[in-house]
$ cat protein.cif   # mmCIF, C-alpha atoms and all ligand atoms
data_start
loop_
_atom_site.label_atom_id
_atom_site.label_comp_id
_atom_site.auth_asym_id
_atom_site.auth_seq_id
_atom_site.Cartn_x
_atom_site.Cartn_y
_atom_site.Cartn_z
CA MET A 330 71.27 21.09 -66.59
CA ASN A 331 70.65 19.52 -63.17
CA THR A 332 67.68 17.19 -63.01
CA GLN A 333 66.16 16.82 -59.57
CA VAL A 334 66.16 13.18 -58.41
CA VAL A 335 63.35 12.28 -56.04
CA LEU A 336 63.15 9.03 -54.06
CA ILE A 337 59.71 8.17 -52.69
CA THR A 338 59.63 5.27 -50.25
CA GLY A 339 56.16 3.75 -49.87
CA GLY A 340 55.39 5.43 -53.15
CA LEU A 341 53.03 3.01 -54.88
CA THR A 342 49.61 4.04 -53.55
CA GLY A 343 47.90 6.82 -51.63
CA ILE A 344 49.95 9.85 -50.65
CA GLY A 345 53.23 8.49 -52.07
CA ARG A 346 51.70 7.81 -55.48
CA ALA A 347 50.07 11.26 -55.70
CA THR A 348 53.39 12.80 -54.68
CA ALA A 349 55.30 10.86 -57.35
CA LEU A 350 52.88 12.14 -60.00
CA ALA A 351 53.19 15.71 -58.67
CA PHE A 352 57.00 15.57 -58.87
CA ALA A 353 56.75 14.07 -62.38
CA LYS A 354 54.80 17.16 -63.43
CA GLU A 355 57.67 19.30 -62.08
CA GLY A 356 60.08 17.44 -64.38
CA ALA A 357 61.86 15.50 -61.62
CA GLN A 358 63.49 12.11 -62.15
CA LEU A 359 61.63 9.62 -59.94
CA VAL A 360 62.66 6.53 -58.02
CA VAL A 361 59.61 4.93 -56.38
CA SER A 362 59.82 2.07 -53.91
CA GLY A 363 57.41 -0.34 -52.25
CA ARG A 364 56.87 -4.07 -51.88
CA ARG A 365 54.67 -4.95 -54.90
CA ASP A 366 56.37 -5.40 -58.27
CA GLU A 367 53.28 -5.10 -60.44
CA GLU A 368 52.03 -1.86 -58.81
CA GLY A 369 55.58 -0.52 -58.97
CA GLN A 370 55.95 -1.25 -62.68
CA ASN A 371 52.47 0.16 -63.41
CA LEU A 372 53.31 3.42 -61.65
CA VAL A 373 56.62 3.69 -63.51
CA ALA A 374 54.76 3.23 -66.81
CA GLU A 375 52.23 5.91 -65.83
CA ILE A 376 55.00 8.38 -64.88
CA ARG A 377 56.94 7.69 -68.10
CA LYS A 378 53.76 8.31 -70.10
CA LYS A 379 53.78 11.80 -68.58
CA GLY A 380 57.24 12.33 -70.03
CA ALA A 381 59.25 11.98 -66.81
CA GLU A 382 61.96 9.44 -66.02
CA ALA A 383 61.13 6.83 -63.41
CA ASP A 384 62.44 3.60 -61.91
CA PHE A 385 61.02 1.18 -59.38
CA ILE A 386 63.01 -0.41 -56.58
CA ARG A 387 61.37 -3.23 -54.64
CA ALA A 388 62.02 -2.71 -50.92
CA ASP A 389 60.40 -3.86 -47.70
CA VAL A 390 61.20 -1.87 -44.60
CA ARG A 391 59.65 -4.20 -42.04
CA ARG A 392 58.41 -7.69 -41.21
CA GLU A 393 54.75 -7.92 -40.16
CA GLU A 394 51.32 -6.28 -40.43
CA ASP A 395 50.51 -3.86 -37.63
CA VAL A 396 47.56 -4.41 -35.32
CA PRO A 397 45.54 -1.39 -34.17
CA GLY A 398 43.56 -1.84 -30.96
CA PRO A 399 43.57 -0.84 -27.30
CA ILE A 400 46.81 -0.86 -25.32
CA THR A 401 45.61 -3.89 -23.37
CA GLU A 402 45.68 -5.89 -26.63
CA GLN A 403 49.09 -4.75 -27.79
CA THR A 404 52.04 -7.12 -27.82
CA ALA A 405 55.76 -6.85 -28.31
CA GLU A 406 55.13 -8.17 -31.84
CA SER A 407 52.45 -5.58 -32.72
CA TYR A 408 54.72 -2.86 -31.34
CA ALA A 409 57.67 -4.15 -33.36
CA ALA A 410 55.59 -4.37 -36.55
CA THR A 411 54.52 -0.72 -36.38
CA PHE A 412 57.84 0.62 -35.16
CA ASP A 413 59.78 -1.39 -37.77
CA THR A 414 57.87 0.32 -40.58
CA ASN A 415 57.37 3.81 -39.24
CA VAL A 416 60.42 4.40 -37.07
CA LEU A 417 63.14 1.98 -38.16
CA GLY A 418 62.01 2.49 -41.78
CA THR A 419 62.37 6.27 -41.40
CA LEU A 420 65.68 5.97 -39.56
CA LEU A 421 67.27 3.64 -42.13
CA SER A 422 65.89 5.63 -45.06
CA MET A 423 67.30 8.86 -43.63
CA LYS A 424 70.63 7.20 -42.81
CA HIS A 425 71.17 6.25 -46.45
CA GLU A 426 69.65 9.46 -47.83
CA LEU A 427 71.93 11.58 -45.64
CA ARG A 428 75.00 9.54 -46.61
CA VAL A 429 74.36 10.67 -50.19
CA MET A 430 73.13 14.20 -49.44
CA LEU A 431 75.69 15.37 -46.85
CA PRO A 432 78.79 14.89 -49.05
CA GLN A 433 77.09 16.81 -51.87
CA ASN A 434 75.92 19.56 -49.45
CA ASN A 435 72.48 19.48 -51.01
CA GLY A 436 69.22 17.68 -50.41
CA SER A 437 65.82 17.74 -48.80
CA ILE A 438 64.12 14.96 -46.85
CA VAL A 439 60.40 15.02 -46.11
CA ASN A 440 59.17 12.41 -43.63
CA ILE A 441 55.47 11.63 -43.39
CA SER A 442 54.21 11.81 -39.85
CA SER A 443 50.54 12.26 -38.89
CA THR A 444 48.33 14.44 -36.74
CA TYR A 445 48.69 11.45 -34.41
CA GLY A 446 52.35 12.44 -34.15
CA HIS A 447 51.06 15.43 -32.15
CA THR A 448 48.21 13.93 -30.13
CA GLY A 449 47.24 10.67 -28.50
CA ALA A 450 45.07 8.27 -30.50
CA PRO A 451 42.70 5.99 -28.60
CA GLY A 452 42.80 2.57 -30.26
CA ALA A 453 45.97 3.45 -32.15
CA SER A 454 48.44 4.10 -29.33
CA VAL A 455 51.38 2.33 -30.95
CA TYR A 456 50.82 4.13 -34.27
CA SER A 457 50.61 7.46 -32.40
CA ALA A 458 53.81 6.67 -30.46
CA SER A 459 55.59 5.73 -33.69
CA LYS A 460 54.58 8.98 -35.39
CA HIS A 461 55.77 11.00 -32.34
CA ALA A 462 59.08 9.16 -32.83
CA VAL A 463 59.13 10.10 -36.53
CA GLU A 464 58.76 13.75 -35.50
CA GLY A 465 61.65 13.40 -33.01
CA LEU A 466 63.88 11.77 -35.63
CA THR A 467 62.98 14.49 -38.13
CA LYS A 468 63.88 17.34 -35.77
CA SER A 469 67.12 15.67 -34.65
CA ALA A 470 68.22 14.95 -38.23
CA ALA A 471 67.40 18.55 -39.18
CA LEU A 472 69.64 19.82 -36.36
CA GLU A 473 72.45 17.40 -37.26
CA ALA A 474 72.32 18.51 -40.91
CA ALA A 475 71.74 22.22 -40.23
CA GLY A 476 74.08 24.46 -42.22
CA THR A 477 75.18 21.72 -44.63
CA GLY A 478 72.64 22.52 -47.35
CA VAL A 479 70.52 19.53 -46.36
CA ARG A 480 67.07 20.18 -44.87
CA VAL A 481 64.82 17.70 -43.06
CA ASN A 482 61.12 18.31 -42.45
CA GLY A 483 57.88 16.48 -41.81
CA ILE A 484 54.35 16.62 -43.15
CA ALA A 485 51.61 15.56 -40.76
CA PRO A 486 48.42 14.64 -42.63
CA GLY A 487 44.97 14.29 -41.10
CA PRO A 488 42.68 11.55 -42.45
CA ILE A 489 43.35 11.12 -46.17
CA GLU A 490 41.30 9.02 -48.60
CA THR A 491 43.79 6.18 -49.23
CA PRO A 492 43.80 2.38 -48.86
CA MET A 493 45.48 2.91 -45.50
CA LEU A 494 42.61 4.97 -44.10
CA ASN A 495 40.16 2.16 -44.89
CA ARG A 496 42.44 -0.47 -43.32
CA PHE A 497 42.99 1.77 -40.31
CA ALA A 498 39.32 2.65 -39.72
CA LYS A 499 38.15 -0.93 -40.46
CA THR A 500 34.45 0.08 -40.64
CA GLU A 501 32.62 2.84 -42.50
CA GLU A 502 31.18 3.92 -39.14
CA ARG A 503 34.62 4.43 -37.59
CA LYS A 504 35.83 6.21 -40.71
CA ALA A 505 32.85 8.57 -40.56
CA SER A 506 33.60 9.28 -36.93
CA MET A 507 37.28 10.04 -37.73
CA VAL A 508 36.20 12.41 -40.50
CA SER A 509 33.60 14.10 -38.28
CA ASN A 510 36.52 15.47 -36.20
CA VAL A 511 37.82 17.36 -39.23
CA PRO A 512 36.48 20.94 -39.35
CA LEU A 513 36.40 20.78 -43.17
CA LYS A 514 34.01 17.81 -42.71
CA ARG A 515 35.72 15.47 -45.11
CA ALA A 516 38.85 13.37 -45.50
CA GLY A 517 41.61 14.93 -47.57
CA ARG A 518 42.72 13.60 -50.96
CA PRO A 519 46.30 12.38 -51.59
CA GLU A 520 46.54 15.16 -54.20
CA GLU A 521 46.06 17.67 -51.36
CA ILE A 522 49.12 16.36 -49.48
CA ALA A 523 51.42 16.05 -52.50
CA PRO A 524 51.81 19.83 -53.16
CA ALA A 525 52.89 20.41 -49.56
CA ILE A 526 55.57 17.74 -49.94
CA VAL A 527 56.71 19.17 -53.29
CA PHE A 528 56.92 22.69 -51.79
CA VAL A 529 58.86 21.65 -48.66
CA SER A 530 61.26 19.66 -50.87
CA SER A 531 61.90 22.58 -53.17
CA ASP A 532 64.40 25.45 -52.97
CA LYS A 533 61.44 27.76 -52.32
CA ALA A 534 61.48 26.30 -48.79
CA SER A 535 65.18 27.07 -48.28
CA PHE A 536 64.68 28.54 -44.77
CA ILE A 537 62.47 25.68 -43.57
CA THR A 538 64.09 22.86 -41.63
CA GLY A 539 63.10 20.86 -38.56
CA ALA A 540 59.46 21.79 -39.15
CA ALA A 541 56.33 19.67 -39.10
CA TYR A 542 53.51 20.91 -41.32
CA LEU A 543 49.97 19.92 -40.44
CA VAL A 544 47.85 19.32 -43.53
CA ASP A 545 44.70 18.20 -41.82
CA GLY A 546 41.60 20.19 -42.76
CA GLY A 547 41.83 22.08 -39.47
CA LYS A 548 41.73 18.95 -37.27
CA SER A 549 44.58 20.07 -35.02
CA ALA A 550 43.19 23.60 -34.59
CA ARG A 551 40.54 22.24 -32.22
N1 LIG B 1 45.82 8.03 -45.06
C1 LIG B 1 45.78 8.70 -43.93
O1 LIG B 1 44.69 9.01 -43.41
C2 LIG B 1 47.06 9.14 -43.25
C3 LIG B 1 46.97 10.07 -42.21
C4 LIG B 1 48.13 10.48 -41.56
C5 LIG B 1 49.34 9.97 -41.95
N2 LIG B 1 49.42 9.05 -42.95
C6 LIG B 1 50.75 8.54 -43.31
O2 LIG B 1 51.01 8.76 -44.68
C7 LIG B 1 51.92 7.75 -45.16
C8 LIG B 1 51.36 7.15 -46.44
O3 LIG B 1 50.12 6.54 -46.14
P1 LIG B 1 48.96 6.29 -47.22
O4 LIG B 1 47.69 6.68 -46.59
O5 LIG B 1 49.37 6.88 -48.52
O6 LIG B 1 49.00 4.69 -47.25
P2 LIG B 1 48.92 3.62 -48.42
O7 LIG B 1 48.03 4.07 -49.52
O8 LIG B 1 48.63 2.32 -47.75
O9 LIG B 1 50.39 3.61 -49.01
C9 LIG B 1 51.43 3.07 -48.28
C10 LIG B 1 52.59 2.82 -49.22
O10 LIG B 1 53.69 2.30 -48.47
C11 LIG B 1 54.16 1.09 -49.07
N3 LIG B 1 54.56 0.21 -47.98
C12 LIG B 1 53.78 -0.28 -46.99
N4 LIG B 1 54.51 -1.08 -46.18
C13 LIG B 1 55.76 -1.07 -46.68
C14 LIG B 1 56.95 -1.70 -46.29
N5 LIG B 1 57.02 -2.52 -45.25
N6 LIG B 1 58.07 -1.47 -47.01
C15 LIG B 1 58.04 -0.65 -48.07
N7 LIG B 1 56.93 -0.01 -48.50
C16 LIG B 1 55.81 -0.24 -47.81
C17 LIG B 1 52.99 0.56 -49.88
O11 LIG B 1 53.39 -0.17 -51.03
P3 LIG B 1 53.56 -1.78 -50.97
O12 LIG B 1 52.34 -2.31 -50.27
O13 LIG B 1 53.71 -2.21 -52.37
O14 LIG B 1 54.80 -2.00 -50.20
C18 LIG B 1 52.30 1.84 -50.32
O15 LIG B 1 52.88 2.32 -51.50
C19 LIG B 1 52.10 6.76 -44.01
O16 LIG B 1 53.29 7.07 -43.33
C20 LIG B 1 50.91 7.05 -43.11
O17 LIG B 1 51.17 6.70 -41.76
C21 LIG B 1 48.31 8.64 -43.63
#
$ encode --input "protein.cif" --output "structure tokens"
Amino acid sequence: MNTQVVLITGGLTGIGRATALAFAKEGAQLVVSGRRDEEGQNLVAEIRKKGAEADFIRADVRREEDVPGPITEQTAESYAATFDTNVLGTLLSMKHELRVMLPQNNGSIVNISSTYGHTGAPGASVYSASKHAVEGLTKSAALEAAGTGVRVNGIAPGPIETPMLNRFAKTEERKASMVSNVPLKRAGRPEEIAPAIVFVSSDKASFITGAAYLVDGGKSAR
């Protein structure tokens, strides 16, 4: 019997964590990665309790914290911090994932972009630029891998109730204003992103590659 092995980078909290638990339910073997040992070990214990196999690998894909703010306050360092995580992190992850997947002619990569990968974001220009880059990398990798049995797609969430959203919004007022742009009038839950990732990863999505799925409560329909 083939057991599906799923690697989730940035998998310790928020969307990654919910996705790890969703794959565990499907009987996959999990490898979760992030920077914090304790959170990593706790998640592994939680997944194992559900009867699935899991391991934690400590990995940091960048150097510094990013700094949201207007373009006039951005620096080469704030640019590098965001691009190191979102773009270089995606590039290096895909490089090593593809080096395993291409020789076996099988695999599915799902990169996490954002609705800001499709629109500008006042006050978060560098983040928006980085997520546009993630979408470009995703499409290019999908074309490079096309026909090999390896698919590459993206999921673009709207505002999702995670630690990142609170860090990003900084104040409750700004968070409320971000959520007010969502036609469903609320932020999404990580558990509402995870099934989309599980589906796109699965063989049920065998004709889907190079796509970017918006999971955003209707935000991008406006
Ligand atoms: N929440 C939203 O509203 C929203 C909307 C659109 C898109 N997204 C995207 O969804 C993805 C997940 O975000 P989230 O909301 O789930 O955020 P989150 O709760 O903050 O989770 C981020 C995860 O990434 C890991 N991580 C952060 N920096 C890392 C680094 N340098 N190296 C390795 N791992 C690192 C964190 O673990 P450690 O701290 O232990 O490393 C954590 O597990 C991100 O790409 C984000 O841009 C989120």
$ atom_distance --input "protein.cif" --atom1 "CA of Gly478 (chain A)" --atom2 "CA of Gly363 (chain A)"
27.9 Å
$ residues_near_ligand --input "protein.cif" --ligand "ligand LIG 1 (chain B)" --cutoff "6 Å" --atoms "only C-alpha atoms and all ligand atoms" --output "compact mmCIF listing (two decimals) with C-alpha atoms, in the frame of the given file"
# COMPACT_ATOMS: atom_id res chain seq x y z
CA GLY A 339 56.16 3.75 -49.87
CA GLY A 340 55.39 5.43 -53.15
CA LEU A 341 53.03 3.01 -54.88
CA THR A 342 49.61 4.04 -53.55
CA GLY A 343 47.90 6.82 -51.63
CA ILE A 344 49.95 9.85 -50.65
CA GLY A 345 53.23 8.49 -52.07
CA GLY A 363 57.41 -0.34 -52.25
CA ARG A 364 56.87 -4.07 -51.88
CA ARG A 365 54.67 -4.95 -54.90
CA ALA A 388 62.02 -2.71 -50.92
CA ASP A 389 60.40 -3.86 -47.70
CA VAL A 390 61.20 -1.87 -44.60
CA ARG A 391 59.65 -4.20 -42.04
CA THR A 414 57.87 0.32 -40.58
CA ILE A 441 55.47 11.63 -43.39
CA SER A 442 54.21 11.81 -39.85
CA SER A 443 50.54 12.26 -38.89
CA PRO A 486 48.42 14.64 -42.63
CA GLY A 487 44.97 14.29 -41.10
CA PRO A 488 42.68 11.55 -42.45
CA ILE A 489 43.35 11.12 -46.17
CA GLU A 490 41.30 9.02 -48.60
CA THR A 491 43.79 6.18 -49.23
CA PRO A 492 43.80 2.38 -48.86
CA MET A 493 45.48 2.91 -45.50
CA LEU A 494 42.61 4.97 -44.10
$ residues_around --input "protein.cif" --residues "Tyr542 (chain A)" --least-positions-apart "3" --cutoff "8 Å" --atoms "only C-alpha atoms" --output "MDAnalysis selection string"
chainID A and resid 483:485
$ residues_near_point --input "protein.cif" --point "(47.2, -2.0, -24.0)" --cutoff "10 Å" --atoms "all atoms listed in the file" --output "count of residues only"
11
$ residues_around --input "protein.cif" --residues "Thr348 (chain A)" --least-positions-apart "5" --cutoff "12 Å" --atoms "all atoms listed in the file" --output "ChimeraX atom specification"
/A:335-343,353-355,357,359-361,372,376,439,441,518-528,530
$ atom_distance --input "protein.cif" --atom1 "CA of Asn440 (chain A)" --atom2 "CA of Val544 (chain A)"
13.3 Å
$ closest_residue --input "protein.cif" --among "A:Leu420, A:Met507, A:Ala351, A:Met430" --to "Gly465 (chain A)" --atoms "all atoms listed in the file"
A:Leu420
$ closest_residue --input "protein.cif" --among "A:Gly446, A:Gly418, A:Pro397, A:Gly436" --to "Gly476 (chain A)" --atoms "all atoms listed in the file"
A:Gly436
$ axis_aligned_box --input "protein.cif" --around "region 540-546 of chain A" --padding-each-side "4 Å" --output "lines of an AutoDock Vina configuration file"
center_x = 50.5
center_y = 20.0
center_z = -41.3
size_x = 25.9
size_y = 11.6
size_z = 12.4
$ residues_around --input "protein.cif" --residues "Asn482 (chain A)" --least-positions-apart "3" --cutoff "7 Å" --atoms "only C-alpha atoms" --output "NGL selection string"
:A and (438-440 or 467 or 538-541)
$ residues_around --input "protein.cif" --residues "Leu427 (chain A)" --least-positions-apart "5" --cutoff "9 Å" --atoms "all atoms listed in the file" --output "VMD selection string"
chain A and resid 422 432 436 438 470 474 479
$ closest_residue --input "protein.cif" --among "A:Glu473, A:Ile386, A:Gly449, A:Ala349" --to "Lys424 (chain A)" --atoms "all atoms listed in the file"
A:Glu473
$ atom_distance --input "protein.cif" --atom1 "CA of Asp545 (chain A)" --atom2 "CA of Ser469 (chain A)"
23.7 Å
$ residues_around --input "protein.cif" --residues "Val373 (chain A)" --least-positions-apart "5" --cutoff "8 Å" --atoms "only C-alpha atoms" --output "compact mmCIF listing (two decimals) with C-alpha atoms, keeping the file's coordinate frame"
# COMPACT_ATOMS: atom_id res chain seq x y z
CA VAL A 361 59.61 4.93 -56.38
CA ALA A 383 61.13 6.83 -63.41
CA ASP A 384 62.44 3.60 -61.91
CA PHE A 385 61.02 1.18 -59.38
$ build_atoms --input "protein.cif" --residues "region 505-539 of chain A" --atoms "N, CA and C atoms" --output "mmCIF file, keeping the file's coordinate frame"
data_model
loop_
_atom_site.group_PDB
_atom_site.id
_atom_site.type_symbol
_atom_site.label_atom_id
_atom_site.label_comp_id
_atom_site.auth_asym_id
_atom_site.auth_seq_id
_atom_site.Cartn_x
_atom_site.Cartn_y
_atom_site.Cartn_z
ATOM 1 N N ALA A 505 33.701 7.383 -40.634
ATOM 2 C CA ALA A 505 32.850 8.570 -40.560
ATOM 3 C C ALA A 505 33.123 9.330 -39.277
ATOM 4 N N SER A 506 33.356 8.603 -38.198
ATOM 5 C CA SER A 506 33.600 9.280 -36.930
ATOM 6 C C SER A 506 34.966 9.982 -36.950
ATOM 7 N N MET A 507 35.979 9.367 -37.616
ATOM 8 C CA MET A 507 37.280 10.040 -37.730
ATOM 9 C C MET A 507 37.140 11.327 -38.546
ATOM 10 N N VAL A 508 36.346 11.243 -39.607
ATOM 11 C CA VAL A 508 36.200 12.410 -40.500
ATOM 12 C C VAL A 508 35.371 13.505 -39.826
ATOM 13 N N SER A 509 34.463 13.103 -38.931
ATOM 14 C CA SER A 509 33.600 14.100 -38.280
ATOM 15 C C SER A 509 34.415 15.034 -37.375
ATOM 16 N N ASN A 510 35.646 14.614 -37.004
ATOM 17 C CA ASN A 510 36.520 15.470 -36.200
ATOM 18 C C ASN A 510 37.259 16.510 -37.031
ATOM 19 N N VAL A 511 37.090 16.426 -38.339
ATOM 20 C CA VAL A 511 37.820 17.360 -39.230
ATOM 21 C C VAL A 511 36.911 18.556 -39.504
ATOM 22 N N PRO A 512 37.339 19.772 -39.120
ATOM 23 C CA PRO A 512 36.480 20.940 -39.350
ATOM 24 C C PRO A 512 36.023 21.089 -40.800
ATOM 25 N N LEU A 513 36.842 20.683 -41.774
ATOM 26 C CA LEU A 513 36.400 20.780 -43.170
ATOM 27 C C LEU A 513 35.384 19.688 -43.532
ATOM 28 N N LYS A 514 35.091 18.806 -42.578
ATOM 29 C CA LYS A 514 34.010 17.810 -42.710
ATOM 30 C C LYS A 514 34.207 16.806 -43.827
ATOM 31 N N ARG A 515 35.436 16.506 -44.120
ATOM 32 C CA ARG A 515 35.720 15.470 -45.110
ATOM 33 C C ARG A 515 37.146 14.995 -44.905
ATOM 34 N N ALA A 516 37.444 13.812 -45.468
ATOM 35 C CA ALA A 516 38.850 13.370 -45.500
ATOM 36 C C ALA A 516 39.541 14.134 -46.630
ATOM 37 N N GLY A 517 40.842 14.299 -46.500
ATOM 38 C CA GLY A 517 41.610 14.930 -47.570
ATOM 39 C C GLY A 517 41.851 13.944 -48.697
ATOM 40 N N ARG A 518 42.338 14.456 -49.834
ATOM 41 C CA ARG A 518 42.720 13.600 -50.960
ATOM 42 C C ARG A 518 44.247 13.562 -51.026
ATOM 43 N N PRO A 519 44.833 12.449 -51.479
ATOM 44 C CA PRO A 519 46.300 12.380 -51.590
ATOM 45 C C PRO A 519 46.856 13.570 -52.376
ATOM 46 N N GLU A 520 46.094 14.037 -53.364
ATOM 47 C CA GLU A 520 46.540 15.160 -54.200
ATOM 48 C C GLU A 520 46.579 16.465 -53.412
ATOM 49 N N GLU A 521 46.002 16.465 -52.194
ATOM 50 C CA GLU A 521 46.060 17.670 -51.360
ATOM 51 C C GLU A 521 47.263 17.623 -50.394
ATOM 52 N N ILE A 522 47.901 16.466 -50.292
ATOM 53 C CA ILE A 522 49.120 16.360 -49.480
ATOM 54 C C ILE A 522 50.343 16.575 -50.373
ATOM 55 N N ALA A 523 50.267 16.021 -51.594
ATOM 56 C CA ALA A 523 51.420 16.050 -52.500
ATOM 57 C C ALA A 523 52.017 17.461 -52.704
ATOM 58 N N PRO A 524 51.195 18.511 -52.924
ATOM 59 C CA PRO A 524 51.810 19.830 -53.160
ATOM 60 C C PRO A 524 52.594 20.346 -51.953
ATOM 61 N N ALA A 525 52.151 19.989 -50.757
ATOM 62 C CA ALA A 525 52.890 20.410 -49.560
ATOM 63 C C ALA A 525 54.260 19.738 -49.535
ATOM 64 N N ILE A 526 54.292 18.464 -49.926
ATOM 65 C CA ILE A 526 55.570 17.740 -49.940
ATOM 66 C C ILE A 526 56.488 18.321 -51.026
ATOM 67 N N VAL A 527 55.906 18.605 -52.199
ATOM 68 C CA VAL A 527 56.710 19.170 -53.290
ATOM 69 C C VAL A 527 57.279 20.529 -52.859
ATOM 70 N N PHE A 528 56.454 21.361 -52.222
ATOM 71 C CA PHE A 528 56.920 22.690 -51.790
ATOM 72 C C PHE A 528 58.057 22.563 -50.769
ATOM 73 N N VAL A 529 57.845 21.749 -49.718
ATOM 74 C CA VAL A 529 58.860 21.650 -48.660
ATOM 75 C C VAL A 529 60.167 21.075 -49.222
ATOM 76 N N SER A 530 60.050 20.224 -50.244
ATOM 77 C CA SER A 530 61.260 19.660 -50.870
ATOM 78 C C SER A 530 62.019 20.693 -51.688
ATOM 79 N N SER A 531 61.317 21.701 -52.156
ATOM 80 C CA SER A 531 61.900 22.580 -53.170
ATOM 81 C C SER A 531 62.769 23.676 -52.559
ATOM 82 N N ASP A 532 63.547 24.344 -53.418
ATOM 83 C CA ASP A 532 64.400 25.450 -52.970
ATOM 84 C C ASP A 532 63.587 26.633 -52.467
ATOM 85 N N LYS A 533 62.288 26.667 -52.836
ATOM 86 C CA LYS A 533 61.440 27.760 -52.320
ATOM 87 C C LYS A 533 61.311 27.664 -50.800
ATOM 88 N N ALA A 534 61.593 26.500 -50.241
ATOM 89 C CA ALA A 534 61.480 26.300 -48.790
ATOM 90 C C ALA A 534 62.863 26.328 -48.136
ATOM 91 N N SER A 535 63.775 27.139 -48.699
ATOM 92 C CA SER A 535 65.180 27.070 -48.280
ATOM 93 C C SER A 535 65.434 27.449 -46.819
ATOM 94 N N PHE A 536 64.479 28.162 -46.183
ATOM 95 C CA PHE A 536 64.680 28.540 -44.770
ATOM 96 C C PHE A 536 63.872 27.632 -43.835
ATOM 97 N N ILE A 537 63.313 26.571 -44.392
ATOM 98 C CA ILE A 537 62.470 25.680 -43.570
ATOM 99 C C ILE A 537 63.223 24.391 -43.294
ATOM 100 N N THR A 538 63.534 24.158 -42.018
ATOM 101 C CA THR A 538 64.090 22.860 -41.630
ATOM 102 C C THR A 538 63.688 22.551 -40.192
ATOM 103 N N GLY A 539 63.524 21.281 -39.908
ATOM 104 C CA GLY A 539 63.100 20.860 -38.560
ATOM 105 C C GLY A 539 61.639 21.128 -38.286
#
